[in-house]
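Undergrad: For reference, this is entry_12.pdb, and it has PDB, C-alpha atoms and all ligand atoms.
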ATOM      1  CA  MET A  23       0.000   0.000   0.000
ATOM      2  CA  ASN A  24       1.354   3.422  -0.962
ATOM      3  CA  VAL A  25       0.791   5.950   1.791
ATOM      4  CA  ASP A  26       1.309   9.615   1.048
ATOM      5  CA  PRO A  27       4.130  10.613   3.454
ATOM      6  CA  THR A  28       2.730  14.113   3.760
ATOM      7  CA  LYS A  29      -0.448  12.759   5.361
ATOM      8  CA  LEU A  30      -0.707  12.729   9.149
ATOM      9  CA  LEU A  31      -2.910  10.508  11.279
ATOM     10  CA  VAL A  32      -4.067  12.447  14.334
ATOM     11  CA  THR A  33      -5.546  10.341  17.100
ATOM     12  CA  VAL A  34      -7.315  11.971  20.009
ATOM     13  CA  ALA A  35      -7.304  10.331  23.440
ATOM     14  CA  PRO A  36      -9.804  12.558  25.202
ATOM     15  CA  THR A  37     -10.419  11.003  28.609
ATOM     16  CA  GLY A  38      -8.089   8.272  29.906
ATOM     17  CA  ALA A  39      -8.574   6.525  33.210
ATOM     18  CA  GLU A  40      -6.298   8.469  35.509
ATOM     19  CA  THR A  41      -7.821  11.933  35.880
ATOM     20  CA  SER A  42     -10.866  12.482  38.059
ATOM     21  CA  LYS A  43     -13.824  14.592  36.995
ATOM     22  CA  ASP A  44     -13.591  16.442  40.326
ATOM     23  CA  ASP A  45     -10.048  17.516  39.520
ATOM     24  CA  CYS A  46     -10.871  18.368  35.914
ATOM     25  CA  PRO A  47     -14.550  19.137  35.242
ATOM     26  CA  GLN A  48     -13.847  19.761  31.537
ATOM     27  CA  LEU A  49     -12.732  16.129  31.077
ATOM     28  CA  PRO A  50     -15.311  14.418  28.816
ATOM     29  CA  THR A  51     -16.697  11.581  30.920
ATOM     30  CA  THR A  52     -20.348  11.271  29.883
ATOM     31  CA  LEU A  53     -21.466   9.864  26.546
ATOM     32  CA  SER A  54     -22.813  13.211  25.359
ATOM     33  CA  GLU A  55     -19.581  14.973  26.347
ATOM     34  CA  LEU A  56     -17.590  12.291  24.547
ATOM     35  CA  VAL A  57     -19.645  12.587  21.359
ATOM     36  CA  GLU A  58     -19.399  16.391  21.382
ATOM     37  CA  THR A  59     -15.639  16.094  21.923
ATOM     38  CA  ALA A  60     -15.302  13.570  19.122
ATOM     39  CA  GLN A  61     -17.206  15.804  16.706
ATOM     40  CA  ARG A  62     -15.112  18.876  17.498
ATOM     41  CA  CYS A  63     -11.874  16.912  17.311
ATOM     42  CA  GLU A  64     -12.880  15.379  13.979
ATOM     43  CA  ALA A  65     -13.606  18.865  12.637
ATOM     44  CA  ALA A  66     -10.178  19.969  13.910
ATOM     45  CA  GLY A  67      -8.356  17.161  12.071
ATOM     46  CA  ALA A  68      -8.497  13.990  14.161
ATOM     47  CA  ALA A  69      -9.253  10.734  12.316
ATOM     48  CA  MET A  70      -9.189   8.228  15.187
ATOM     49  CA  ILE A  71     -10.390   8.339  18.792
ATOM     50  CA  HIS A  72      -8.860   6.282  21.622
ATOM     51  CA  VAL A  73     -11.679   5.740  24.078
ATOM     52  CA  HIS A  74     -11.867   5.103  27.826
ATOM     53  CA  ILE A  75     -15.343   5.341  29.280
ATOM     54  CA  ARG A  76     -16.650   6.244  32.732
ATOM     55  CA  ASP A  77     -19.664   5.136  34.781
ATOM     56  CA  ASP A  78     -22.417   7.403  36.110
ATOM     57  CA  GLN A  79     -20.113   8.456  38.950
ATOM     58  CA  HIS A  80     -17.399   9.322  36.378
ATOM     59  CA  ARG A  81     -15.255   6.373  37.490
ATOM     60  CA  PRO A  82     -13.375   4.310  34.863
ATOM     61  CA  SER A  83     -15.552   1.497  33.536
ATOM     62  CA  LEU A  84     -15.200  -1.494  31.215
ATOM     63  CA  ASP A  85     -18.885  -2.320  31.222
ATOM     64  CA  VAL A  86     -19.479  -4.036  27.875
ATOM     65  CA  ALA A  87     -23.016  -2.693  27.357
ATOM     66  CA  ARG A  88     -21.782   0.833  27.977
ATOM     67  CA  LEU A  89     -18.777   0.310  25.711
ATOM     68  CA  THR A  90     -21.052  -0.987  22.946
ATOM     69  CA  GLU A  91     -23.373   1.998  23.314
ATOM     70  CA  THR A  92     -20.334   4.280  23.088
ATOM     71  CA  VAL A  93     -18.958   2.609  19.946
ATOM     72  CA  ASP A  94     -22.390   2.797  18.320
ATOM     73  CA  ALA A  95     -22.871   6.464  19.238
ATOM     74  CA  LEU A  96     -19.430   7.437  17.937
ATOM     75  CA  HIS A  97     -20.099   5.580  14.687
ATOM     76  CA  ALA A  98     -23.494   7.240  14.337
ATOM     77  CA  GLU A  99     -22.307  10.772  15.106
ATOM     78  CA  THR A 100     -18.803  10.830  13.585
ATOM     79  CA  ASP A 101     -16.684   9.131  10.901
ATOM     80  CA  LEU A 102     -13.789   8.603  13.300
ATOM     81  CA  VAL A 103     -12.034   5.264  13.602
ATOM     82  CA  VAL A 104     -13.136   4.077  17.041
ATOM     83  CA  GLN A 105     -10.406   2.500  19.119
ATOM     84  CA  LEU A 106     -11.318   1.131  22.537
ATOM     85  CA  SER A 107      -8.719   0.976  25.255
ATOM     86  CA  THR A 108      -8.011  -2.539  26.486
ATOM     87  CA  GLY A 109      -5.629  -1.016  29.025
ATOM     88  CA  GLY A 110      -8.469   0.352  31.113
ATOM     89  CA  SER A 111      -7.260   1.591  34.475
ATOM     90  CA  VAL A 112      -4.413   0.062  36.472
ATOM     91  CA  HIS A 113      -7.088  -1.511  38.712
ATOM     92  CA  ASP A 114      -8.995  -3.410  35.999
ATOM     93  CA  PRO A 115      -8.672  -7.209  36.051
ATOM     94  CA  LEU A 116      -7.196  -8.818  32.929
ATOM     95  CA  GLU A 117     -10.359 -10.833  32.180
ATOM     96  CA  ASN A 118     -12.457  -7.645  32.003
ATOM     97  CA  ARG A 119      -9.907  -6.115  29.666
ATOM     98  CA  LEU A 120     -10.272  -9.054  27.249
ATOM     99  CA  LYS A 121     -14.051  -8.532  27.164
ATOM    100  CA  VAL A 122     -13.618  -5.056  25.662
ATOM    101  CA  LEU A 123     -13.529  -6.677  22.208
ATOM    102  CA  ASP A 124     -17.140  -7.805  22.713
ATOM    103  CA  ALA A 125     -18.101  -4.166  22.043
ATOM    104  CA  GLN A 126     -16.861  -4.566  18.426
ATOM    105  CA  PRO A 127     -14.625  -1.526  18.066
ATOM    106  CA  ASP A 128     -12.740  -0.815  14.825
ATOM    107  CA  SER A 129      -9.468  -0.940  16.706
ATOM    108  CA  CYS A 130      -8.168  -1.724  20.165
ATOM    109  CA  SER A 131      -5.081  -0.690  22.081
ATOM    110  CA  LEU A 132      -2.750  -3.546  22.962
ATOM    111  CA  THR A 133       0.112  -2.788  25.328
ATOM    112  CA  MET A 134       3.184  -4.909  24.777
ATOM    113  CA  GLY A 135       4.333  -5.398  28.354
ATOM    114  CA  THR A 136       4.077  -4.534  32.026
ATOM    115  CA  THR A 137       5.117  -1.021  33.023
ATOM    116  CA  ASN A 138       5.543   0.826  36.266
ATOM    117  CA  PHE A 139       2.915   3.537  35.999
ATOM    118  CA  GLY A 140       3.779   6.229  38.523
ATOM    119  CA  ASP A 141       3.216   4.532  41.884
ATOM    120  CA  ASP A 142       1.090   1.808  40.257
ATOM    121  CA  VAL A 143       1.777  -1.115  37.945
ATOM    122  CA  PHE A 144       0.137  -1.419  34.519
ATOM    123  CA  LEU A 145       0.006  -5.188  34.186
ATOM    124  CA  ASN A 146       0.453  -6.816  30.770
ATOM    125  CA  PRO A 147       2.003 -10.266  31.190
ATOM    126  CA  TRP A 148       2.998 -12.128  28.031
ATOM    127  CA  GLY A 149       0.129 -14.642  28.263
ATOM    128  CA  PHE A 150      -2.413 -11.825  28.406
ATOM    129  CA  VAL A 151      -0.799  -9.988  25.491
ATOM    130  CA  ALA A 152      -0.838 -13.184  23.407
ATOM    131  CA  ASP A 153      -4.480 -13.970  24.300
ATOM    132  CA  LEU A 154      -5.644 -10.454  23.527
ATOM    133  CA  TYR A 155      -3.750 -10.437  20.238
ATOM    134  CA  GLN A 156      -5.242 -13.742  19.088
ATOM    135  CA  LEU A 157      -8.697 -12.541  20.116
ATOM    136  CA  SER A 158      -8.218  -9.366  18.043
ATOM    137  CA  GLN A 159      -7.296 -11.536  15.017
ATOM    138  CA  GLU A 160     -10.361 -13.735  15.558
ATOM    139  CA  ARG A 161     -12.723 -10.747  15.971
ATOM    140  CA  GLU A 162     -11.150  -8.833  13.066
ATOM    141  CA  VAL A 163     -10.305  -5.834  15.230
ATOM    142  CA  VAL A 164      -7.141  -3.936  14.279
ATOM    143  CA  PRO A 165      -4.782  -3.561  17.230
ATOM    144  CA  GLU A 166      -2.664  -0.525  17.919
ATOM    145  CA  PHE A 167       0.439  -1.757  19.717
ATOM    146  CA  GLU A 168       1.217   0.547  22.645
ATOM    147  CA  LEU A 169       4.950   0.700  23.285
ATOM    148  CA  PHE A 170       5.916   2.291  26.602
ATOM    149  CA  ASP A 171       9.485   1.046  26.538
ATOM    150  CA  LEU A 172      12.188  -0.445  24.323
ATOM    151  CA  GLY A 173      11.433  -3.841  25.881
ATOM    152  CA  HIS A 174       7.920  -3.530  24.452
ATOM    153  CA  VAL A 175       9.403  -3.072  20.982
ATOM    154  CA  HIS A 176      11.310  -6.305  21.482
ATOM    155  CA  ALA A 177       8.110  -8.035  22.637
ATOM    156  CA  LEU A 178       6.382  -6.877  19.441
ATOM    157  CA  HIS A 179       9.016  -8.711  17.371
ATOM    158  CA  ARG A 180       8.223 -11.841  19.399
ATOM    159  CA  LEU A 181       4.448 -11.447  19.080
ATOM    160  CA  LEU A 182       4.477 -10.969  15.298
ATOM    161  CA  GLY A 183       7.025 -13.771  14.900
ATOM    162  CA  THR A 184       4.865 -16.151  16.928
ATOM    163  CA  TYR A 185       1.325 -15.261  15.846
ATOM    164  CA  GLY A 186       1.741 -13.513  12.491
ATOM    165  CA  LEU A 187       0.243 -10.259  11.281
ATOM    166  CA  PRO A 188      -2.836  -8.551  12.743
ATOM    167  CA  TYR A 189      -6.223  -8.611  11.081
ATOM    168  CA  GLY A 190      -5.922  -6.580   7.854
ATOM    169  CA  GLY A 191      -2.176  -7.134   7.532
ATOM    170  CA  ARG A 192      -0.986  -3.681   8.632
ATOM    171  CA  VAL A 193       1.002  -3.112  11.798
ATOM    172  CA  HIS A 194       0.421   0.199  13.562
ATOM    173  CA  CYS A 195       2.133   1.161  16.828
ATOM    174  CA  ASP A 196       1.983   4.076  19.211
ATOM    175  CA  LEU A 197       5.034   5.070  21.234
ATOM    176  CA  VAL A 198       3.725   6.214  24.602
ATOM    177  CA  MET A 199       6.555   8.264  26.035
ATOM    178  CA  GLY A 200       7.169  10.021  29.322
ATOM    179  CA  VAL A 201       5.141   7.779  31.653
ATOM    180  CA  PRO A 202       7.011   7.639  34.973
ATOM    181  CA  GLY A 203       8.285   4.063  34.659
ATOM    182  CA  GLY A 204       8.509   3.932  30.850
ATOM    183  CA  MET A 205      10.855   5.421  28.276
ATOM    184  CA  PRO A 206      11.400   9.169  28.565
ATOM    185  CA  GLY A 207       9.653  11.596  26.244
ATOM    186  CA  THR A 208      12.785  12.664  24.411
ATOM    187  CA  THR A 209      13.905  12.786  20.798
ATOM    188  CA  ASP A 210      16.766  10.395  21.577
ATOM    189  CA  ALA A 211      14.387   7.786  23.004
ATOM    190  CA  LEU A 212      11.997   8.197  20.071
ATOM    191  CA  VAL A 213      14.784   7.718  17.522
ATOM    192  CA  ALA A 214      16.014   4.589  19.348
ATOM    193  CA  ALA A 215      12.514   3.095  19.541
ATOM    194  CA  VAL A 216      11.722   3.816  15.877
ATOM    195  CA  ALA A 217      15.046   2.290  14.786
ATOM    196  CA  ALA A 218      14.186  -0.906  16.686
ATOM    197  CA  LEU A 219      10.655  -1.371  15.245
ATOM    198  CA  PRO A 220      10.022  -4.616  13.336
ATOM    199  CA  ASP A 221      10.164  -4.357   9.535
ATOM    200  CA  ALA A 222       6.502  -5.387   9.466
ATOM    201  CA  VAL A 223       5.474  -2.063  11.040
ATOM    202  CA  THR A 224       3.582  -0.045   8.429
ATOM    203  CA  SER A 225       2.864   3.068  10.517
ATOM    204  CA  TRP A 226       3.622   4.482  13.931
ATOM    205  CA  SER A 227       2.528   7.391  16.031
ATOM    206  CA  ALA A 228       3.862   8.875  19.226
ATOM    207  CA  THR A 229       2.429  10.571  22.253
ATOM    208  CA  GLY A 230       4.314  12.422  24.951
ATOM    209  CA  ILE A 231       2.828  12.430  28.416
ATOM    210  CA  GLY A 232       2.631  15.700  30.357
ATOM    211  CA  ARG A 233       5.444  18.119  29.720
ATOM    212  CA  SER A 234       6.976  15.902  27.034
ATOM    213  CA  THR A 235       3.978  16.376  24.736
ATOM    214  CA  LEU A 236       5.533  19.034  22.480
ATOM    215  CA  ALA A 237       9.015  17.521  22.348
ATOM    216  CA  VAL A 238       7.555  14.177  21.309
ATOM    217  CA  ALA A 239       5.170  15.737  18.766
ATOM    218  CA  LEU A 240       7.991  17.682  17.113
ATOM    219  CA  ALA A 241      10.307  14.654  17.083
ATOM    220  CA  ALA A 242       7.580  12.413  15.641
ATOM    221  CA  LEU A 243       6.730  14.929  12.924
ATOM    222  CA  SER A 244      10.367  15.246  11.916
ATOM    223  CA  LYS A 245      10.769  11.433  11.819
ATOM    224  CA  GLY A 246       7.687  11.020   9.639
ATOM    225  CA  GLY A 247       5.495   9.549  12.369
ATOM    226  CA  HIS A 248       1.870  10.168  13.274
ATOM    227  CA  LEU A 249       0.538  11.783  16.451
ATOM    228  CA  ARG A 250      -1.747  11.053  19.366
ATOM    229  CA  VAL A 251      -2.834  13.892  21.632
ATOM    230  CA  GLY A 252      -5.546  14.419  24.207
ATOM    231  CA  MET A 253      -6.424  14.985  27.829
ATOM    232  CA  GLU A 254      -5.586  11.361  28.623
ATOM    233  CA  ASP A 255      -1.970  12.400  28.127
ATOM    234  CA  VAL A 256      -1.716  16.087  29.022
ATOM    235  CA  LEU A 257      -3.927  18.532  30.897
ATOM    236  CA  THR A 258      -2.116  21.820  30.255
ATOM    237  CA  LEU A 259      -1.251  23.802  27.140
ATOM    238  CA  ALA A 260       1.626  25.473  28.977
ATOM    239  CA  LYS A 261       2.611  25.814  32.614
ATOM    240  CA  GLY A 262      -0.496  26.996  34.486
ATOM    241  CA  VAL A 263      -2.699  27.032  31.352
ATOM    242  CA  PRO A 264      -5.271  24.244  31.533
ATOM    243  CA  VAL A 265      -6.658  22.505  28.461
ATOM    244  CA  LEU A 266     -10.323  23.516  28.306
ATOM    245  CA  HIS A 267     -11.264  21.221  25.437
ATOM    246  CA  ASN A 268      -9.515  18.351  23.677
ATOM    247  CA  ALA A 269      -9.992  20.152  20.354
ATOM    248  CA  GLN A 270      -7.351  22.670  21.469
ATOM    249  CA  LEU A 271      -4.747  19.906  21.560
ATOM    250  CA  VAL A 272      -5.784  18.630  18.139
ATOM    251  CA  GLU A 273      -5.740  22.157  16.701
ATOM    252  CA  ARG A 274      -2.264  22.733  18.114
ATOM    253  CA  VAL A 275      -0.711  19.667  16.473
ATOM    254  CA  VAL A 276      -2.491  20.422  13.217
ATOM    255  CA  GLN A 277      -0.734  23.810  13.295
ATOM    256  CA  LEU A 278       2.616  22.134  13.978
ATOM    257  CA  ALA A 279       1.929  19.684  11.168
ATOM    258  CA  LYS A 280       1.188  22.530   8.795
ATOM    259  CA  ILE A 281       4.627  24.008   9.500
ATOM    260  CA  ALA A 282       6.085  20.544   8.860
ATOM    261  CA  GLN A 283       4.084  20.409   5.599
ATOM    262  CA  ARG A 284       1.957  17.501   6.766
ATOM    263  CA  THR A 285      -1.808  17.437   6.284
ATOM    264  CA  PRO A 286      -4.234  15.615   8.610
ATOM    265  CA  MET A 287      -5.655  12.545   6.914
ATOM    266  CA  SER A 288      -9.382  11.982   6.619
ATOM    267  CA  CYS A 289     -11.151   9.239   8.551
ATOM    268  CA  ASP A 290     -11.434   7.248   5.326
ATOM    269  CA  GLU A 291      -7.721   7.571   4.688
ATOM    270  CA  ALA A 292      -7.073   6.413   8.254
ATOM    271  CA  ARG A 293      -9.288   3.369   7.659
ATOM    272  CA  GLY A 294      -7.165   2.590   4.612
ATOM    273  CA  LEU A 295      -3.872   3.130   6.438
ATOM    274  CA  LEU A 296      -4.862   0.814   9.271
ATOM    275  CA  ALA A 297      -6.868  -1.664   7.157
ATOM    276  CA  ILE A 298      -9.939  -1.298   9.333
ATOM    277  CA  LYS A 299     -12.744  -3.738   8.566
ATOM    278  CA  ARG A 300     -15.525  -2.249   6.418
ATOM    279  CA  ARG A 301     -18.834  -2.265   8.266
TER     280      ARG A 301
HETATM  281  N1  LIG B 401      -4.742   3.766  31.724
HETATM  282  C1  LIG B 401      -3.480   3.135  31.596
HETATM  283  C2  LIG B 401      -3.215   2.266  32.784
HETATM  284  C3  LIG B 401      -4.453   1.883  26.990
HETATM  285  O1  LIG B 401      -5.398   2.637  26.938
HETATM  286  O2  LIG B 401      -4.382   0.845  26.360
HETATM  287  C4  LIG B 401      -3.371   2.325  30.375
HETATM  288  C5  LIG B 401      -3.715   2.951  29.095
HETATM  289  C6  LIG B 401      -3.297   2.202  27.895
HETATM  290  O3  LIG B 401      -4.317   3.994  29.008
HETATM  291 ZN    ZN B 402      -5.554   4.766  27.058
END
Represent the supplied structure as structure tokens.

TA:
Amino acid sequence: MNVDPTKLLVTVAPTGAETSKDDCPQLPTTLSELVETAQRCEAAGAAMIHVHIRDDQHRPSLDVARLTETVDALHAETDLVVQLSTGGSVHDPLENRLKVLDAQPDSCSLTMGTTNFGDDVFLNPWGFVADLYQLSQEREVVPEFELFDLGHVHALHRLLGTYGLPYGGRVHCDLVMGVPGGMPGTTDALVAAVAALPDAVTSWSATGIGRSTLAVALAALSKGGHLRVGMEDVLTLAKGVPVLHNAQLVERVVQLAKIAQRTPMSCDEARGLLAIKRR
């Protein structure tokens, strides 16, 4: 597949599982807030949405009925590629995380190993990674491999070598950089991780957590990568300047991309890039 190198996939990760609504009332946690966010981010240039949902008390949830309702609403109200998080929160049991695929998303995140996550542990033992991967192949859901560390890149070689290519045949990864416990959000780390990616990788994006967001975005743009941004990853535009809406983060990277002579790809182009199943 020939992909125009000037095109940029922008993924928005609007909510995450770590920030509380009390601490950040502008975080989209209800379905209507999520849909409104998705629509504004799509208009700003996003083509994929990485989704974590919340319950009625705004707590992280992996309830399958609620996830299904969310996928359906996002498909009805936007053209975005809908990616559900299988990472959930650090407190979610592995068996609940496997059930996320029952909600039939276009794509799912798939983290390639266990990571210290601040004071917590984000658990992804090999057996779980392998089970989730095989389930994604069976259900024809395109995984996005989340790489928090160089060791995760190595694990991706092992996974593809053992179980073959994902559904659709494309291999898309996201470098998640700057998590306390993972690789730092620096240009040097990004270059090292990209150099170590398996040959089978057809596209990659990067996201820098917190203060590393801009450094990682600029490094990824200059290396020809794609970008993920959103309030899951950063809550300020600058020191002391809170993000008021996820669309601001999308608009900012679209501006950076313009300077780098990259144009946001459409949702259809993203479906082609990732080989998402036609519905
Ligand atoms: N919430 C983190 C523990 C993912 O979505 O797949 C994991 C996470 C990764 O956000
Ligand atoms: Zn996530």

Undergrad: List the residues selected by the PyMOL selection byres (((chain A and resi 218) around 12) and not hetatm) in the file shown, writing them as a list in words.

TA: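 Residues picked by the PyMOL selection byres (((chain A and resi 218) around 12) and not hetatm): Leu169, Asp171, Leu172, Gly173, His174, Val175, His176, Ala177, Leu178, His179, Leu197, Ala211, Leu212, Val213, Ala214, Ala215, Val216, Ala217, Leu219, Pro220, Asp221, Ala222 and Val223 of chain A.
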
Undergrad: With all atoms listed in the file as the basis for distance, which of A:Gly204, A:Gly67, A:Gly252, A:Gly191 is at the shortest distance from ligand ZN 402 (chain B)?

TA: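 Looking only at the distances to ligand ZN 402 (chain B), the closest residue turns out to be A:Gly252.
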
Undergrad: Which residue gives the smallest distance to ligand LIG 401 (chain B) among A:Pro27, A:Val198, A:Leu102, A:Gly183, with all atoms listed in the file counted?

TA: A:Val198

Undergrad: If the PyMOL selection byres (((chain A and resi 284) around 8) and not hetatm) were run on this exact file, what residues would it hold? Put them as a PyMOL selection string.

TA: chain A and resi 27-30+279-283+285-286

Undergrad: Keeping C-alpha atoms, export the residues of the selection given above as an mmCIF file, in the coordinates of the input.

TA:
data_model
loop_
_atom_site.group_PDB
_atom_site.id
_atom_site.type_symbol
_atom_site.label_atom_id
_atom_site.label_comp_id
_atom_site.auth_asym_id
_atom_site.auth_seq_id
_atom_site.Cartn_x
_atom_site.Cartn_y
_atom_site.Cartn_z
ATOM 1 C CA PRO A 27 4.130 10.613 3.454
ATOM 2 C CA THR A 28 2.730 14.113 3.760
ATOM 3 C CA LYS A 29 -0.448 12.759 5.361
ATOM 4 C CA LEU A 30 -0.707 12.729 9.149
ATOM 5 C CA ALA A 279 1.929 19.684 11.168
ATOM 6 C CA LYS A 280 1.188 22.530 8.795
ATOM 7 C CA ILE A 281 4.627 24.008 9.500
ATOM 8 C CA ALA A 282 6.085 20.544 8.860
ATOM 9 C CA GLN A 283 4.084 20.409 5.599
ATOM 10 C CA THR A 285 -1.808 17.437 6.284
ATOM 11 C CA PRO A 286 -4.234 15.615 8.610
#

Undergrad: Please provide the set of residues having any atom within 10 Å of region 259-264 of chain A, restricted to all atoms listed in the file, with same-chain residues fewer than 3 positions apart removed, written as JSON, numbers by chain.

TA: {"A": [46, 48, 232, 233, 235, 236, 256, 267, 270, 271, 274]}

Undergrad: Can you complete the atoms of region 92-109 of chain A to N, CA, C and O atoms and list them as an mmCIF file, in the frame of the given file?

TA:
data_model
loop_
_atom_site.group_PDB
_atom_site.id
_atom_site.type_symbol
_atom_site.label_atom_id
_atom_site.label_comp_id
_atom_site.auth_asym_id
_atom_site.auth_seq_id
_atom_site.Cartn_x
_atom_site.Cartn_y
_atom_site.Cartn_z
ATOM 1 N N THR A 92 -21.287 3.210 23.440
ATOM 2 C CA THR A 92 -20.334 4.280 23.088
ATOM 3 C C THR A 92 -19.826 4.097 21.663
ATOM 4 O O THR A 92 -19.789 5.058 20.874
ATOM 5 N N VAL A 93 -19.436 2.871 21.318
ATOM 6 C CA VAL A 93 -18.958 2.609 19.946
ATOM 7 C C VAL A 93 -20.061 2.969 18.951
ATOM 8 O O VAL A 93 -19.819 3.653 17.945
ATOM 9 N N ASP A 94 -21.280 2.533 19.239
ATOM 10 C CA ASP A 94 -22.390 2.797 18.320
ATOM 11 C C ASP A 94 -22.643 4.303 18.174
ATOM 12 O O ASP A 94 -22.862 4.807 17.065
ATOM 13 N N ALA A 95 -22.610 5.013 19.292
ATOM 14 C CA ALA A 95 -22.871 6.464 19.238
ATOM 15 C C ALA A 95 -21.778 7.181 18.456
ATOM 16 O O ALA A 95 -22.062 8.064 17.634
ATOM 17 N N LEU A 96 -20.529 6.780 18.666
ATOM 18 C CA LEU A 96 -19.430 7.437 17.937
ATOM 19 C C LEU A 96 -19.515 7.128 16.445
ATOM 20 O O LEU A 96 -19.249 7.996 15.611
ATOM 21 N N HIS A 97 -19.929 5.905 16.105
ATOM 22 C CA HIS A 97 -20.099 5.580 14.687
ATOM 23 C C HIS A 97 -21.266 6.361 14.089
ATOM 24 O O HIS A 97 -21.211 6.782 12.928
ATOM 25 N N ALA A 98 -22.317 6.531 14.864
ATOM 26 C CA ALA A 98 -23.494 7.240 14.337
ATOM 27 C C ALA A 98 -23.217 8.739 14.168
ATOM 28 O O ALA A 98 -23.700 9.364 13.224
ATOM 29 N N GLU A 99 -22.445 9.305 15.079
ATOM 30 C CA GLU A 99 -22.307 10.772 15.106
ATOM 31 C C GLU A 99 -21.018 11.294 14.481
ATOM 32 O O GLU A 99 -20.848 12.514 14.344
ATOM 33 N N THR A 100 -20.071 10.391 14.191
ATOM 34 C CA THR A 100 -18.803 10.830 13.585
ATOM 35 C C THR A 100 -18.360 9.783 12.568
ATOM 36 O O THR A 100 -18.918 8.689 12.511
ATOM 37 N N ASP A 101 -17.304 10.122 11.807
ATOM 38 C CA ASP A 101 -16.684 9.131 10.901
ATOM 39 C C ASP A 101 -15.387 8.590 11.499
ATOM 40 O O ASP A 101 -14.653 7.861 10.834
ATOM 41 N N LEU A 102 -15.075 8.969 12.707
ATOM 42 C CA LEU A 102 -13.789 8.603 13.300
ATOM 43 C C LEU A 102 -13.615 7.090 13.400
ATOM 44 O O LEU A 102 -14.583 6.348 13.597
ATOM 45 N N VAL A 103 -12.372 6.647 13.267
ATOM 46 C CA VAL A 103 -12.034 5.264 13.602
ATOM 47 C C VAL A 103 -12.135 5.162 15.128
ATOM 48 O O VAL A 103 -11.548 5.973 15.846
ATOM 49 N N VAL A 104 -12.909 4.186 15.589
ATOM 50 C CA VAL A 104 -13.136 4.077 17.041
ATOM 51 C C VAL A 104 -12.239 2.986 17.623
ATOM 52 O O VAL A 104 -12.389 1.803 17.308
ATOM 53 N N GLN A 105 -11.329 3.424 18.449
ATOM 54 C CA GLN A 105 -10.406 2.500 19.119
ATOM 55 C C GLN A 105 -10.755 2.455 20.606
ATOM 56 O O GLN A 105 -10.759 3.478 21.286
ATOM 57 N N LEU A 106 -11.071 1.261 21.090
ATOM 58 C CA LEU A 106 -11.318 1.131 22.537
ATOM 59 C C LEU A 106 -10.028 0.774 23.244
ATOM 60 O O LEU A 106 -9.230 -0.039 22.752
ATOM 61 N N SER A 107 -9.859 1.342 24.415
ATOM 62 C CA SER A 107 -8.719 0.976 25.255
ATOM 63 C C SER A 107 -8.957 -0.405 25.859
ATOM 64 O O SER A 107 -10.027 -0.668 26.419
ATOM 65 N N THR A 108 -7.968 -1.284 25.725
ATOM 66 C CA THR A 108 -8.011 -2.539 26.486
ATOM 67 C C THR A 108 -7.088 -2.424 27.695
ATOM 68 O O THR A 108 -6.905 -3.392 28.423
ATOM 69 N N GLY A 109 -6.496 -1.240 27.865
ATOM 70 C CA GLY A 109 -5.629 -1.016 29.025
ATOM 71 C C GLY A 109 -6.464 -0.708 30.258
ATOM 72 O O GLY A 109 -6.125 -1.087 31.375
#
